[in-house]
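Engineer: Got a structure here, written out as structure tokens. Questions coming.
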Amino acid sequence: MKEHNILIIGGGPAGMETAYQLKQLGLKPIIIERNDRLGGHLAQWDRLFPTSETAVGLLERLKENTKDIEVKLDSRITNIEKINGTFHVSLSTNKNFEVDAVVVCTGFELFNAERKQEYGYGIYDRVITNAELEDYFKTHDDKRVDEPRRIGFVHCVGSRDVKVNNTYCSKVCCATALKQACEIKDEFPDADVYCFYMDLRMFGKGYEDLYLRAQKDFDIKCVRGRVCEVSENIEGKLVIKAEDTLLGTPMKMTLDLLVLMCGMEKAKGVEEIQKMLNLESNNDGFIENSGSFVGINRTKGKGVFVAGACTSPKTLPDTIAEARSTAMEVFNYLIHNC
Amino acid sequence: MIDFGFSISKSSHIQMDNVDLKLFNKLEALNPDISTCMACGLCTATCSAGNFTDASFRKIILMLQRGKDKEALEKVKKCMMCGKCILVCSRGINTRNILLSITRIYNEEDK
């Protein structure tokens with residue numbers, strides 16, 4: 001087999017794993033990353049559900065695997081033109097090269113919590129996001145997390161909500177919420193921790209164990225009901241309203257800290273890539289792939305593949321598994337077509 | 001005071017800030033499995049007394065957690081201690097033992 005170049009758009013877990021597998025198959029992947037580092041959202045996380053193992057452990061493993069692969073950081077794609085089955089790629093750094101296949105691994109963006117104004121993010125000081133709590137666990141430098149005695153987690157922020165035009169489930173927030181709830185309880189054992197959920201979607205391996213652990217060992221109190229509004233009292237504490245739907249009664253509660261579990265949305269700027277490659281969006285705004293079963297790694301465009309959360313919200317195990325299967329799809333395509 | 005025929009309705013909200021969970025915490029310390037309930041409703045669906053009354057193990061626990069002790073104890077009275085709920089509970093909660101604990105802990109408080 002002759003040497004083939006493959007363009008990998010995005011250097012998060014999906015891009016890194018796809019590139020690694022392609023390299024293992026004897027191909028030459030080139031990763032284009034717009035940021036100044038690899039790792040995507042994983043690089044901002046402290047620990048991972050369901051076992052709370054460190055994010056840095058997985059990140060280092062992925063980095064180790066990609067160390068011999070060509071990576072172009074701080075680079076954006078300005079143009080892709082397909083001529084006779086070959087993609088001609090131009091970068092913002094004025095570099096040009098040719099590839100035989102393209103894998104889109106543009107990932108996701110966290111929902112901007114300010115859009116759910118009733119939760120008061122950006123208005124009240126003690127309303128923070130899942131990403132900011134993760135950052136606190138990493139640095140322990142956030143004045144808003146100040147010996148909280150009562151903490152609330154709101155699930156499904158920006159997910160399963162027509163009011164923000166996101167009707168889908170973001171898949172990762174339930175497990176993240178319970179993981180973070182356990183971790184903050186571990187840090188502040190005297191605190192009462194409440195999780196406001198609609199359903200607890202603990203579908204993956206070890207997730208249900210995490211749920212049981214949260215209840216049994218950490219005394220996390222799960223309340224079925226969505227928080228409808230947040231306000232601030234004169235002491236600067238948060239007052240929330242929700243219905244306890246299992247009891248059928250509305251409730252009010254004062255909190256010292258409220259954590260919003262922001263879901264996933266399509267990555268910013270991905271439309272430009274979609275335009276260049278002629279890729280459509282699905283109803284949820286993510287990139288449309290070729291079906292829900294055998295076509296998950298493919299798109300309508302010949303030689304254009306996808307991996308990871310650019311097509312729908314995904315967990316890390318899902319993403320890595322999909323990246324591996326995409327690499328195999330690319331390999332089969334190149335054997336038969338180039 | 002002149003009676004104008006108006007009155008003020010009490011808030012239907014549960015004010016969690018005012019709920020005293022001292023007794024519930026005592027109950028929970030004696031029966032740690034109480035916190036593992038996931039509100040599936042098996043206990044209530046199978047309950048012999050629940051077929052004819054508003055007895056519901058799941059709701060008793062929830063009401064105690066929300067400070068509705070009186071209503072919860074009313075429901076406890078309807079239990080016949082048959083133990084079917086122990087047989088079905090998918091989290092393996094020792095429901096009957098918890099009901100006995102409730103009567104002991106909360107009635108002691110009455111005296």
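Chains: A, B, ... in order of the structure tokens. Residues: from 1 per chain. Ligands: from 1, in order shown.
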Mind checking which residues fall within 7 Å of segment 6-18 of chain B, counting only C-alpha atoms, ignoring those fewer than 4 positions away in the same chain, and posting them as number ranges by chain?
Structural biologist: A: 249-254; B: 66
Engineer: What are the residues of chain B lining chain A at 12 Å or less? Count only C-alpha atoms, and put the answer as an MDAnalysis selection string.
Structural biologist: chainID B and resid 11:19 21 25 28:29 31:41 56 58:68 71:72 90:93
Engineer: Pick from A:Asn35, A:Thr245, A:Thr176, A:Ser52: nearest to Gly225 of chain A, with only C-alpha atoms counted?
Structural biologist: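 Looking only at the distances to Gly225 of chain A, the closest residue turns out to be A:Thr245.
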Engineer: Would you compute the distance between atom CA of Ser281 of chain A and atom CA of Thr311 of chain A? Give it in Å to one decimal.
Structural biologist: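 Between atom CA of Ser281 of chain A and atom CA of Thr311 of chain A the gap works out to 8.6 Å.
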Engineer: Point out the residue among A:Gln180, A:Asn337, A:Thr54, A:Thr18 with the least atom-to-atom distance to Ala307 of chain A, counting only C-alpha atoms.
Structural biologist: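 Distance minimum relative to Ala307 of chain A lands on A:Thr18.
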Engineer: With only C-alpha atoms as the counted atoms, please give the residues lying no more than 8 Å from Arg96 of chain B, apart from itself and same-chain residues fewer than 6 positions off, as a list in words.
Structural biologist: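 Everything that qualifies: Met81, Gly83, Cys85 and Ile86 of chain B.
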Engineer: Quick one: residues within 12 Å of Glu114 of chain A, only C-alpha atoms, excluding same-chain residues fewer than 3 positions away - as a list in words?
Structural biologist: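 Listing them by chain and then by number gives Leu110, Phe111, Gln117, Glu118, Tyr119, Gly120, Tyr121, Gly122, Ile123, Tyr124, Val127, Ile128, Thr129, Val157, Gly158, Val164, Leu260 and Cys262 of chain A.
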Engineer: If you run DSSP over the backbone, which residues in segment 34-197 of chain A end up helix (DSSP H, G or I)? Put them as a PyMOL selection string.
Structural biologist: chain A and resi 40-44+55-65+113-115+117-119+130-139+162-164+173-187
Engineer: Using N, CA and C atoms, can you export the residues from the last selection as a CSV table (one decimal), in the first residue's frame?
Structural biologist:
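Saved the output as out.csv:
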chain,number,residue,atom,x,y,z
A,40,GLY,N,-8.2,18.7,23.8
A,40,GLY,CA,-9.6,19.2,23.8
A,40,GLY,C,-10.2,19.4,25.2
A,41,HIS,N,-11.4,19.1,25.4
A,41,HIS,CA,-12.0,19.3,26.8
A,41,HIS,C,-11.4,18.4,27.8
A,42,LEU,N,-10.8,17.3,27.4
A,42,LEU,CA,-10.2,16.3,28.4
A,42,LEU,C,-9.1,17.1,29.2
A,43,ALA,N,-8.4,18.0,28.5
A,43,ALA,CA,-7.3,18.6,29.1
A,43,ALA,C,-7.7,19.6,30.2
A,44,GLN,N,-9.0,20.0,30.2
A,44,GLN,CA,-9.5,20.9,31.2
A,44,GLN,C,-10.2,20.2,32.4
A,55,ALA,N,-7.9,12.6,34.8
A,55,ALA,CA,-8.0,12.9,33.3
A,55,ALA,C,-6.6,12.9,32.7
A,56,VAL,N,-5.7,13.4,33.5
A,56,VAL,CA,-4.3,13.5,33.0
A,56,VAL,C,-3.7,12.2,32.7
A,57,GLY,N,-4.1,11.1,33.3
A,57,GLY,CA,-3.7,9.8,33.0
A,57,GLY,C,-4.0,9.4,31.6
A,58,LEU,N,-5.3,9.6,31.3
A,58,LEU,CA,-5.8,9.3,29.9
A,58,LEU,C,-5.1,10.2,28.9
A,59,LEU,N,-5.0,11.5,29.2
A,59,LEU,CA,-4.4,12.4,28.3
A,59,LEU,C,-3.0,12.1,28.0
A,60,GLU,N,-2.2,11.7,29.0
A,60,GLU,CA,-0.8,11.4,28.8
A,60,GLU,C,-0.7,10.2,27.9
A,61,ARG,N,-1.6,9.2,28.1
A,61,ARG,CA,-1.6,8.0,27.3
A,61,ARG,C,-1.9,8.3,25.8
A,62,LEU,N,-2.9,9.2,25.6
A,62,LEU,CA,-3.2,9.6,24.2
A,62,LEU,C,-2.0,10.4,23.6
A,63,LYS,N,-1.4,11.2,24.4
A,63,LYS,CA,-0.3,12.0,23.9
A,63,LYS,C,0.9,11.2,23.6
A,64,GLU,N,1.2,10.2,24.4
A,64,GLU,CA,2.3,9.2,24.2
A,64,GLU,C,2.1,8.5,22.9
A,65,ASN,N,0.8,8.2,22.6
A,65,ASN,CA,0.5,7.4,21.3
A,65,ASN,C,0.7,8.3,20.1
A,113,ALA,N,-24.3,28.6,29.8
A,113,ALA,CA,-25.3,28.6,30.8
A,113,ALA,C,-26.0,29.9,30.9
A,114,GLU,N,-25.4,31.0,30.4
A,114,GLU,CA,-26.1,32.3,30.5
A,114,GLU,C,-27.4,32.3,29.7
A,115,ARG,N,-27.5,31.4,28.7
A,115,ARG,CA,-28.7,31.3,28.0
A,115,ARG,C,-29.9,30.8,28.8
A,117,GLN,N,-31.3,32.0,31.6
A,117,GLN,CA,-31.1,33.1,32.5
A,117,GLN,C,-31.7,32.9,33.9
A,118,GLU,N,-32.8,32.0,33.9
A,118,GLU,CA,-33.5,31.8,35.2
A,118,GLU,C,-32.6,31.1,36.2
A,119,TYR,N,-31.4,30.5,35.8
A,119,TYR,CA,-30.5,29.9,36.7
A,119,TYR,C,-29.5,30.9,37.2
A,130,ASN,N,-20.3,23.0,35.6
A,130,ASN,CA,-19.6,21.8,35.8
A,130,ASN,C,-18.1,22.0,35.4
A,131,ALA,N,-17.8,22.7,34.3
A,131,ALA,CA,-16.4,22.9,33.9
A,131,ALA,C,-15.7,23.7,34.9
A,132,GLU,N,-16.4,24.7,35.5
A,132,GLU,CA,-15.7,25.6,36.5
A,132,GLU,C,-15.4,24.8,37.8
A,133,LEU,N,-16.3,23.9,38.2
A,133,LEU,CA,-16.1,23.1,39.4
A,133,LEU,C,-14.9,22.1,39.1
A,134,GLU,N,-14.9,21.6,37.9
A,134,GLU,CA,-13.8,20.7,37.5
A,134,GLU,C,-12.4,21.5,37.6
A,135,ASP,N,-12.5,22.7,37.2
A,135,ASP,CA,-11.3,23.6,37.3
A,135,ASP,C,-10.9,23.9,38.8
A,136,TYR,N,-12.0,24.0,39.6
A,136,TYR,CA,-11.7,24.2,41.1
A,136,TYR,C,-11.0,22.9,41.6
A,137,PHE,N,-11.5,21.7,41.2
A,137,PHE,CA,-10.9,20.5,41.7
A,137,PHE,C,-9.4,20.4,41.3
A,138,LYS,N,-9.1,21.0,40.2
A,138,LYS,CA,-7.7,21.0,39.7
A,138,LYS,C,-6.8,22.0,40.4
A,139,THR,N,-7.3,23.2,40.6
A,139,THR,CA,-6.5,24.3,41.1
A,139,THR,C,-6.8,24.6,42.6
A,162,VAL,N,-36.7,22.4,25.0
A,162,VAL,CA,-37.0,23.0,23.7
A,162,VAL,C,-36.8,24.6,23.8
A,163,LYS,N,-36.8,25.1,25.0
A,163,LYS,CA,-36.6,26.5,25.2
A,163,LYS,C,-35.2,27.0,24.7
A,164,VAL,N,-34.3,26.1,24.7
A,164,VAL,CA,-33.0,26.4,24.1
A,164,VAL,C,-32.7,25.7,22.8
A,173,CYS,N,-23.9,14.2,31.5
A,173,CYS,CA,-24.1,15.1,32.7
A,173,CYS,C,-24.6,14.3,33.9
A,174,CYS,N,-25.4,13.3,33.8
A,174,CYS,CA,-25.9,12.5,34.9
A,174,CYS,C,-24.7,12.0,35.7
A,175,ALA,N,-23.8,11.3,35.0
A,175,ALA,CA,-22.7,10.6,35.6
A,175,ALA,C,-21.7,11.7,36.1
A,176,THR,N,-21.5,12.7,35.4
A,176,THR,CA,-20.6,13.8,35.8
A,176,THR,C,-21.1,14.4,37.1
A,177,ALA,N,-22.5,14.7,37.2
A,177,ALA,CA,-23.0,15.3,38.3
A,177,ALA,C,-22.8,14.5,39.6
A,178,LEU,N,-23.1,13.2,39.5
A,178,LEU,CA,-22.9,12.3,40.7
A,178,LEU,C,-21.4,12.2,41.0
A,179,LYS,N,-20.6,12.1,40.0
A,179,LYS,CA,-19.1,12.1,40.3
A,179,LYS,C,-18.7,13.4,41.0
A,180,GLN,N,-19.1,14.5,40.5
A,180,GLN,CA,-18.7,15.8,41.1
A,180,GLN,C,-19.3,15.9,42.5
A,181,ALA,N,-20.6,15.4,42.6
A,181,ALA,CA,-21.3,15.5,43.9
A,181,ALA,C,-20.5,14.7,45.0
A,182,CYS,N,-20.0,13.5,44.6
A,182,CYS,CA,-19.2,12.7,45.6
A,182,CYS,C,-17.9,13.4,45.9
A,183,GLU,N,-17.3,14.0,44.8
A,183,GLU,CA,-16.0,14.6,45.1
A,183,GLU,C,-16.1,15.9,46.0
A,184,ILE,N,-17.2,16.6,45.8
A,184,ILE,CA,-17.3,17.9,46.6
A,184,ILE,C,-17.7,17.5,48.0
A,185,LYS,N,-18.5,16.4,48.2
A,185,LYS,CA,-18.8,15.9,49.5
A,185,LYS,C,-17.6,15.4,50.2
A,186,ASP,N,-16.7,14.8,49.5
A,186,ASP,CA,-15.5,14.3,50.0
A,186,ASP,C,-14.6,15.4,50.6
A,187,GLU,N,-14.7,16.6,49.9
A,187,GLU,CA,-13.9,17.7,50.3
A,187,GLU,C,-14.6,18.5,51.4
Engineer: Measuring between only C-alpha atoms, which one of A:Pro317, A:Ala19, A:Asn233, A:Cys156 shows the shortest distance to Met198 of chain A?
Structural biologist: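 Of the candidates, the smallest distance to Met198 of chain A is held by A:Cys156.
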